[in-house]
Amino acid sequence: MTKKIVVTGIGATSPLGGTARESWSALLAKESGTRTLEYDWIEEYSIPVTFAAEAKVRPSEVLERPVAKRLDPSSQFALISAKEAWTDAGEPDVEPERLGVDFATGIGGVWTLLDAWDTLRERGPRRVMPMTVPMLMPNAAAAAVSMHFHARAFAHTVASACASSTESIANAYEHLQQGLADVVIAGGTESAIHPITIASFASMQALSKRNDSPETASRPYSVDRDGFVMGEGAASLVLETEEHALARGAHIYAELAGAGVTADSYHITANDPEGRGASRAVMRALTQASASVDDVTHINAHATSTPVGDVAEYAALRAVFGERTNSIPVSATKASTGHLLGGTGALESVFSIYAIAERIAPPTINLTTQDPEIPLSISGDVQDLGRGDQLAITNSFGFGGHNAVAAFRSV
């Protein structure tokens, strides 16, 4: 028997705000989280891209120092968002053996790893911290969340590049359906605004180079888009079976109606230009949600602002929705937040849940002249979704050909 899986808690720390609600409000206010980076290493290493979308609130402002010092920034962000989501859910009374964690990251503890390498070269092996490996390992965020909440059902990690956290949400859906837990904390995190990653992405011509106008650098679907903007932060959802949520009188934001995960098997960094894997992921999500293409009322697109990627995503949507593609309200929220890599799908899921709850599609800023090859219904202003039942999908695609789509239904 298929169970109904619902969202009862939301948390986020992002380039737009230190909480989920602050991030949503800033998104609706058309704010940009992208800023010029004020670090010595920009000049020291002649980094060609001098801006990114850093988290608006630093973890040191939220976490106690003894906790923070034992966690890489990526795990710090994860814990902050998970704590907010847990409080928002009313701190469910659930047995530890029935509480699970599905958390994701695209890169993991890159700051810890590279700081340790610097320490080794400059000061020798005796000065490398004993906690280096536990802090840099990709599963550190899931472990930190699991230990904080005493979640003993499972603590799973996904590392599927930019599809990671949407895939973790898909896993949470399956784990709840299988009866492995009654409540799951799911989400994703990233803190990789580092000279190595910026230099690498810039070298492959993936980043925008608008150093003179960072706030307008991310411009999905515009004819003059020239690359994505790196972002950081985390987002979390508390998911549970409807039966469990109703029994404890929880507030329900939305139903996680389904999810789809596929692989392109095409290229390590490029999308399949025909969007075949992506379109299959959308269809799998809709099939799992027992929904038709006509039921979808909103799309939060992956829309990274890269010349090729945006076109490939449109091809995927067109393959699924046909003539209806251009009439579905679409939001490309990376224009405001930058690209949180492994954390992006979870944050965009938060935005999708708020969108269907409030019946509005958030604006897409920096839309100068829309690419005629991508004639989606996208706007620099809020779009009204109407008063009826809502079904939103959020798309996430990652290096390695990973595709993940989550579908959320209004309640």
# chains A, B, ... in the order shown; residues from 1 in each chain; ligands from 1
$ residues_around --residues "Gly17 of chain A" --least-positions-apart "4" --cutoff "10 Å" --atoms "only C-alpha atoms" --output "mmCIF file with N, CA and C atoms, in the first residue's frame"
data_model
loop_
_atom_site.group_PDB
_atom_site.id
_atom_site.type_symbol
_atom_site.label_atom_id
_atom_site.label_comp_id
_atom_site.auth_asym_id
_atom_site.auth_seq_id
_atom_site.Cartn_x
_atom_site.Cartn_y
_atom_site.Cartn_z
ATOM 1 N N ALA A 12 16.445 26.384 6.293
ATOM 2 C CA ALA A 12 17.441 26.761 5.273
ATOM 3 C C ALA A 12 18.330 27.874 5.778
ATOM 4 N N THR A 13 19.570 27.850 5.335
ATOM 5 C CA THR A 13 20.469 28.985 5.485
ATOM 6 C C THR A 13 21.100 29.179 4.120
ATOM 7 N N ARG A 21 12.370 31.101 5.954
ATOM 8 C CA ARG A 21 11.403 32.177 5.707
ATOM 9 C C ARG A 21 12.107 33.460 5.264
ATOM 10 N N GLU A 22 13.255 33.773 5.856
ATOM 11 C CA GLU A 22 14.008 34.955 5.424
ATOM 12 C C GLU A 22 14.474 34.797 3.981
ATOM 13 N N SER A 23 14.888 33.605 3.622
ATOM 14 C CA SER A 23 15.329 33.354 2.246
ATOM 15 C C SER A 23 14.173 33.522 1.264
ATOM 16 N N TRP A 24 13.011 32.994 1.617
ATOM 17 C CA TRP A 24 11.826 33.113 0.767
ATOM 18 C C TRP A 24 11.404 34.571 0.621
ATOM 19 N N SER A 25 11.397 35.313 1.711
ATOM 20 C CA SER A 25 10.994 36.723 1.658
ATOM 21 C C SER A 25 11.945 37.532 0.786
ATOM 22 N N ALA A 26 13.243 37.267 0.901
ATOM 23 C CA ALA A 26 14.222 37.976 0.084
ATOM 24 C C ALA A 26 14.082 37.601 -1.390
ATOM 25 N N LEU A 27 13.739 36.343 -1.649
ATOM 26 C CA LEU A 27 13.510 35.903 -3.028
ATOM 27 C C LEU A 27 12.342 36.667 -3.638
ATOM 28 N N GLY A 33 21.716 37.367 -3.787
ATOM 29 C CA GLY A 33 22.652 36.956 -2.758
ATOM 30 C C GLY A 33 24.096 36.969 -3.220
ATOM 31 N N ALA A 55 26.734 32.421 1.918
ATOM 32 C CA ALA A 55 25.607 32.412 2.855
ATOM 33 C C ALA A 55 25.548 33.741 3.585
ATOM 34 N N LYS A 56 24.362 34.275 3.726
ATOM 35 C CA LYS A 56 24.188 35.599 4.306
ATOM 36 C C LYS A 56 24.565 35.633 5.785
ATOM 37 N N VAL A 57 24.278 34.547 6.498
ATOM 38 C CA VAL A 57 24.600 34.462 7.925
ATOM 39 C C VAL A 57 25.676 33.399 8.100
ATOM 40 N N GLY A 233 25.436 27.065 1.278
ATOM 41 C CA GLY A 233 24.369 27.010 2.259
ATOM 42 C C GLY A 233 23.777 25.621 2.329
ATOM 43 N N THR A 337 19.982 33.165 -5.822
ATOM 44 C CA THR A 337 20.760 32.452 -4.802
ATOM 45 C C THR A 337 22.132 32.013 -5.266
#
$ closest_atom_pairs --of "segment 40-78 of chain A" --to "segment 210-226 of chain A" --cutoff "12 Å" --atoms "only C-alpha atoms" --output "tab-separated table"
residue	atom	partner	partner_atom	distance
A:Ile42	CA	A:Asn211	CA	11.8
A:Ile47	CA	A:Asn211	CA	10.9
A:Pro48	CA	A:Asn211	CA	8.6
A:Val49	CA	A:Asn211	CA	6.4
A:Thr50	CA	A:Asn211	CA	5.9
A:Phe51	CA	A:Pro214	CA	6.2
A:Ala52	CA	A:Pro214	CA	7.6
A:Ala53	CA	A:Pro214	CA	9.0
A:Glu54	CA	A:Pro214	CA	12.0
$ write_last_selection --atoms "all heavy atoms" --output "tab-separated table (two decimals), in the first residue's frame"
chain	number	residue	atom	x	y	z
A	42	ILE	N	41.90	36.12	-3.42
A	42	ILE	CA	41.45	36.52	-4.76
A	42	ILE	C	42.61	37.16	-5.52
A	42	ILE	O	42.92	36.79	-6.67
A	42	ILE	CB	40.26	37.50	-4.66
A	42	ILE	CG1	39.02	36.81	-4.10
A	42	ILE	CG2	39.97	38.12	-6.02
A	42	ILE	CD1	38.37	35.83	-5.05
A	47	ILE	N	42.64	35.01	-8.99
A	47	ILE	CA	41.41	34.27	-9.31
A	47	ILE	C	40.61	35.09	-10.33
A	47	ILE	O	40.33	36.27	-10.10
A	47	ILE	CB	40.58	34.03	-8.04
A	47	ILE	CG1	41.39	33.23	-7.00
A	47	ILE	CG2	39.29	33.31	-8.38
A	47	ILE	CD1	41.79	31.85	-7.43
A	48	PRO	N	40.24	34.49	-11.46
A	48	PRO	CA	39.60	35.27	-12.52
A	48	PRO	C	38.16	35.69	-12.24
A	48	PRO	O	37.66	36.64	-12.84
A	48	PRO	CB	39.66	34.34	-13.73
A	48	PRO	CG	39.73	32.97	-13.15
A	48	PRO	CD	40.51	33.10	-11.88
A	49	VAL	N	37.48	34.98	-11.34
A	49	VAL	CA	36.11	35.32	-10.97
A	49	VAL	C	36.14	35.78	-9.51
A	49	VAL	O	36.55	35.03	-8.63
A	49	VAL	CB	35.15	34.13	-11.15
A	49	VAL	CG1	33.76	34.47	-10.62
A	49	VAL	CG2	35.08	33.73	-12.61
A	50	THR	N	35.72	36.99	-9.26
A	50	THR	CA	35.92	37.61	-7.94
A	50	THR	C	34.64	37.73	-7.12
A	50	THR	O	34.58	38.52	-6.18
A	50	THR	CB	36.54	39.01	-8.11
A	50	THR	OG1	35.63	39.84	-8.86
A	50	THR	CG2	37.86	38.94	-8.85
A	51	PHE	N	33.62	36.95	-7.44
A	51	PHE	CA	32.35	37.05	-6.73
A	51	PHE	C	31.72	35.68	-6.57
A	51	PHE	O	32.07	34.72	-7.28
A	51	PHE	CB	31.39	37.99	-7.47
A	51	PHE	CG	31.06	37.52	-8.88
A	51	PHE	CD1	29.97	36.70	-9.13
A	51	PHE	CD2	31.86	37.89	-9.95
A	51	PHE	CE1	29.68	36.26	-10.41
A	51	PHE	CE2	31.58	37.46	-11.25
A	51	PHE	CZ	30.49	36.64	-11.47
A	52	ALA	N	30.78	35.58	-5.64
A	52	ALA	CA	30.03	34.35	-5.41
A	52	ALA	C	28.85	34.70	-4.51
A	52	ALA	O	28.73	35.82	-4.02
A	52	ALA	CB	30.90	33.27	-4.78
A	53	ALA	N	27.99	33.71	-4.29
A	53	ALA	CA	26.82	33.91	-3.42
A	53	ALA	C	27.08	33.20	-2.10
A	53	ALA	O	26.67	32.06	-1.89
A	53	ALA	CB	25.56	33.38	-4.10
A	54	GLU	N	27.78	33.88	-1.20
A	54	GLU	CA	28.05	33.32	0.11
A	54	GLU	C	26.79	33.33	0.96
A	54	GLU	O	25.91	34.16	0.79
A	54	GLU	CB	29.14	34.12	0.82
A	54	GLU	CG	30.51	34.01	0.20
A	54	GLU	CD	31.56	34.70	1.05
A	54	GLU	OE1	31.55	35.94	1.10
A	54	GLU	OE2	32.36	33.99	1.68
$ closest_atom_pairs --of "segment 123-182 of chain A" --to "segment 347-368 of chain A" --cutoff "10 Å" --atoms "only C-alpha atoms" --output "Markdown table"
| residue | atom | partner | partner_atom | distance |
| --- | --- | --- | --- | --- |
| A:Ser165 | CA | A:Leu347 | CA | 8.7 |
| A:Thr166 | CA | A:Ser349 | CA | 7.8 |
| A:Ile169 | CA | A:Ser349 | CA | 9.1 |
$ residues_around --residues "segment 122-137 of chain A" --least-positions-apart "6" --cutoff "6 Å" --atoms "only C-alpha atoms" --output "ChimeraX atom specification"
/A:71-72,109,112-113,116
$ atom_distance --atom1 "atom CA of Asp88 of chain A" --atom2 "atom CA of Val62 of chain A"
16.5 Å
$ residues_around --residues "Ile268 of chain A" --least-positions-apart "5" --cutoff "9 Å" --atoms "only C-alpha atoms" --output "PyMOL selection string"
chain A and resi 399-401
$ closest_residue --among "A:Trp41, A:Trp117, A:Phe103, A:Phe77" --to "Val158 of chain A" --atoms "only C-alpha atoms"
A:Phe103
$ closest_atom_pairs --of "segment 176-229 of chain A" --to "segment 146-153 of chain A" --cutoff "10 Å" --atoms "only C-alpha atoms" --output "CSV"
residue,atom,partner,partner_atom,distance
A:Leu180,CA,A:Ala153,CA,6.9
A:Ala181,CA,A:Ala153,CA,6.3
A:Asp182,CA,A:Ala153,CA,9.3
A:Val183,CA,A:Ala151,CA,9.4
A:Val184,CA,A:Ala151,CA,8.7
A:Ile185,CA,A:Ser146,CA,8.7
$ write_last_selection --atoms "N, CA, C and O atoms" --output "compact mmCIF listing (two decimals), in the first residue's frame"
# COMPACT_ATOMS: atom_id res chain seq x y z
N LEU A 180 10.98 2.00 6.77
CA LEU A 180 12.25 1.98 7.50
C LEU A 180 12.32 3.06 8.57
O LEU A 180 13.22 3.04 9.42
N ALA A 181 11.41 4.02 8.51
CA ALA A 181 11.36 5.10 9.50
C ALA A 181 9.96 5.69 9.48
O ALA A 181 9.19 5.50 8.52
N ASP A 182 9.63 6.42 10.54
CA ASP A 182 8.39 7.20 10.57
C ASP A 182 8.64 8.65 10.21
O ASP A 182 7.75 9.34 9.71
N VAL A 183 9.87 9.14 10.50
CA VAL A 183 10.26 10.52 10.23
C VAL A 183 11.67 10.51 9.65
O VAL A 183 12.53 9.74 10.11
N VAL A 184 11.88 11.36 8.65
CA VAL A 184 13.20 11.49 8.04
C VAL A 184 13.57 12.96 7.92
O VAL A 184 12.74 13.78 7.49
N ILE A 185 14.79 13.29 8.28
CA ILE A 185 15.34 14.62 8.01
C ILE A 185 16.14 14.50 6.72
O ILE A 185 17.12 13.74 6.65
$ select_by_dssp --residues "segment 53-268 of chain A" --states "strand (DSSP E)" --output "PyMOL selection string"
chain A and resi 99-105+154-158+183-190+233-241+254-263
$ write_last_selection --atoms "N, CA, C and O atoms" --output "compact mmCIF listing (two decimals), in the first residue's frame"
# COMPACT_ATOMS: atom_id res chain seq x y z
N LEU A 99 13.71 7.20 13.42
CA LEU A 99 14.10 8.49 12.84
C LEU A 99 15.32 8.29 11.96
O LEU A 99 16.34 7.76 12.41
N GLY A 100 15.21 8.71 10.69
CA GLY A 100 16.32 8.55 9.75
C GLY A 100 16.80 9.87 9.21
O GLY A 100 16.13 10.90 9.33
N VAL A 101 17.98 9.83 8.60
CA VAL A 101 18.58 11.01 7.97
C VAL A 101 19.01 10.65 6.55
O VAL A 101 19.73 9.65 6.34
N ASP A 102 18.56 11.43 5.60
CA ASP A 102 19.02 11.35 4.21
C ASP A 102 19.58 12.71 3.86
O ASP A 102 18.82 13.66 3.64
N PHE A 103 20.91 12.82 3.82
CA PHE A 103 21.51 14.13 3.58
C PHE A 103 22.55 14.03 2.48
O PHE A 103 23.13 12.97 2.25
N ALA A 104 22.78 15.15 1.81
CA ALA A 104 23.61 15.12 0.61
C ALA A 104 24.63 16.25 0.59
O ALA A 104 24.46 17.29 1.23
N THR A 105 25.65 16.03 -0.20
CA THR A 105 26.60 17.08 -0.55
C THR A 105 27.20 16.74 -1.91
O THR A 105 27.31 15.55 -2.25
N PHE A 154 18.75 5.19 10.18
CA PHE A 154 19.80 5.19 9.15
C PHE A 154 20.32 6.62 9.02
O PHE A 154 19.67 7.57 9.45
N ALA A 155 21.50 6.76 8.43
CA ALA A 155 22.07 8.07 8.10
C ALA A 155 22.77 7.91 6.76
O ALA A 155 23.94 7.52 6.70
N HIS A 156 22.03 8.19 5.70
CA HIS A 156 22.52 7.96 4.34
C HIS A 156 23.04 9.24 3.71
O HIS A 156 22.52 10.34 3.97
N THR A 157 24.03 9.08 2.86
CA THR A 157 24.63 10.21 2.15
C THR A 157 24.55 9.99 0.65
O THR A 157 24.84 8.88 0.16
N VAL A 158 24.17 11.03 -0.08
CA VAL A 158 24.22 11.02 -1.54
C VAL A 158 25.24 12.05 -1.99
O VAL A 158 25.30 13.15 -1.44
N VAL A 183 9.87 9.14 10.50
CA VAL A 183 10.26 10.52 10.23
C VAL A 183 11.67 10.51 9.65
O VAL A 183 12.53 9.74 10.11
N VAL A 184 11.88 11.36 8.65
CA VAL A 184 13.20 11.49 8.04
C VAL A 184 13.57 12.96 7.92
O VAL A 184 12.74 13.78 7.49
N ILE A 185 14.79 13.29 8.28
CA ILE A 185 15.34 14.62 8.01
C ILE A 185 16.14 14.50 6.72
O ILE A 185 17.12 13.74 6.65
N ALA A 186 15.71 15.23 5.69
CA ALA A 186 16.34 15.12 4.38
C ALA A 186 16.79 16.49 3.90
O ALA A 186 16.13 17.50 4.18
N GLY A 187 17.87 16.52 3.15
CA GLY A 187 18.33 17.80 2.61
C GLY A 187 19.70 17.71 2.01
O GLY A 187 20.19 16.64 1.65
N GLY A 188 20.33 18.88 1.89
CA GLY A 188 21.65 18.92 1.28
C GLY A 188 22.39 20.17 1.67
O GLY A 188 21.79 21.17 2.11
N THR A 189 23.70 20.14 1.50
CA THR A 189 24.54 21.24 1.94
C THR A 189 25.75 21.40 1.03
O THR A 189 26.15 20.45 0.35
N GLU A 190 26.34 22.57 1.04
CA GLU A 190 27.59 22.81 0.32
C GLU A 190 28.26 24.06 0.86
O GLU A 190 27.59 25.05 1.17
N GLY A 233 25.44 27.06 1.28
CA GLY A 233 24.37 27.01 2.26
C GLY A 233 23.78 25.62 2.33
O GLY A 233 24.36 24.65 1.82
N ALA A 234 22.62 25.51 2.97
CA ALA A 234 21.99 24.21 3.14
C ALA A 234 20.49 24.40 3.33
O ALA A 234 20.01 25.48 3.69
N ALA A 235 19.75 23.33 3.09
CA ALA A 235 18.31 23.32 3.34
C ALA A 235 17.90 21.92 3.78
O ALA A 235 18.51 20.93 3.37
N SER A 236 16.88 21.87 4.61
CA SER A 236 16.41 20.60 5.17
C SER A 236 14.89 20.55 5.18
O SER A 236 14.23 21.58 5.34
N LEU A 237 14.37 19.34 5.03
CA LEU A 237 12.95 19.07 5.19
C LEU A 237 12.75 17.99 6.23
O LEU A 237 13.53 17.03 6.28
N VAL A 238 11.75 18.14 7.06
CA VAL A 238 11.30 17.04 7.90
C VAL A 238 10.14 16.38 7.16
O VAL A 238 9.12 17.02 6.86
N LEU A 239 10.33 15.11 6.84
CA LEU A 239 9.34 14.33 6.10
C LEU A 239 8.84 13.20 6.98
O LEU A 239 9.62 12.60 7.73
N GLU A 240 7.56 12.91 6.86
CA GLU A 240 7.00 11.80 7.63
C GLU A 240 5.76 11.26 6.94
O GLU A 240 5.21 11.89 6.03
N THR A 241 5.36 10.10 7.36
CA THR A 241 4.12 9.56 6.82
C THR A 241 2.96 10.44 7.31
O THR A 241 3.00 11.00 8.41
N ALA A 254 2.97 20.46 2.73
CA ALA A 254 2.70 19.92 1.39
C ALA A 254 2.93 18.42 1.43
O ALA A 254 3.48 17.87 2.40
N GLU A 255 2.52 17.77 0.38
CA GLU A 255 2.81 16.35 0.21
C GLU A 255 4.02 16.21 -0.72
O GLU A 255 4.09 16.87 -1.77
N LEU A 256 4.97 15.38 -0.33
CA LEU A 256 6.01 14.95 -1.27
C LEU A 256 5.38 13.81 -2.06
O LEU A 256 5.30 12.67 -1.59
N ALA A 257 4.89 14.16 -3.24
CA ALA A 257 4.04 13.22 -3.98
C ALA A 257 4.82 12.18 -4.75
O ALA A 257 4.30 11.10 -5.06
N GLY A 258 6.07 12.48 -5.09
CA GLY A 258 6.86 11.53 -5.86
C GLY A 258 8.21 12.11 -6.23
O GLY A 258 8.47 13.30 -6.03
N ALA A 259 9.06 11.27 -6.77
CA ALA A 259 10.39 11.71 -7.19
C ALA A 259 10.89 10.78 -8.29
O ALA A 259 10.45 9.62 -8.39
N GLY A 260 11.79 11.29 -9.10
CA GLY A 260 12.38 10.49 -10.16
C GLY A 260 13.87 10.71 -10.24
O GLY A 260 14.33 11.85 -10.16
N VAL A 261 14.63 9.63 -10.38
CA VAL A 261 16.08 9.70 -10.48
C VAL A 261 16.53 8.88 -11.68
O VAL A 261 16.13 7.71 -11.83
N THR A 262 17.36 9.47 -12.55
CA THR A 262 17.88 8.78 -13.72
C THR A 262 19.33 9.19 -13.96
O THR A 262 19.86 10.07 -13.27
N ALA A 263 19.96 8.57 -14.96
CA ALA A 263 21.31 8.94 -15.37
C ALA A 263 21.35 9.12 -16.88
O ALA A 263 20.68 8.40 -17.62
$ closest_residue --among "A:Lys209, A:His402, A:His339, A:Lys4" --to "Leu176 of chain A" --atoms "only C-alpha atoms"
A:Lys4
$ closest_residue --among "A:Asn326, A:Ser379, A:Ser410, A:Thr287" --to "Val7 of chain A" --atoms "only C-alpha atoms"
A:Ser410
$ select_by_dssp --residues "segment 174-258 of chain A" --states "helix (DSSP H, G or I)" --output "JSON, numbers by chain"
{"A": [174, 175, 176, 177, 195, 196, 197, 198, 199, 200, 201, 202, 203, 214, 215, 216, 242, 243, 244, 245, 246, 247]}
$ atom_distance --atom1 "atom CA of Asp389 of chain A" --atom2 "atom CA of Ser377 of chain A"
19.2 Å
$ closest_residue --among "A:Gly338, A:Arg58, A:His244, A:Leu16" --to "Val94 of chain A" --atoms "only C-alpha atoms"
A:His244
$ atom_distance --atom1 "atom CA of Ala82 of chain A" --atom2 "atom CA of Leu286 of chain A"
27.3 Å
$ closest_residue --among "A:Thr304, A:Gln76, A:Thr333, A:Ser327" --to "Cys162 of chain A" --atoms "only C-alpha atoms"
A:Thr304
$ closest_residue --among "A:Arg318, A:Gly231, A:Gly108, A:Ala170" --to "Ile198 of chain A" --atoms "only C-alpha atoms"
A:Gly231
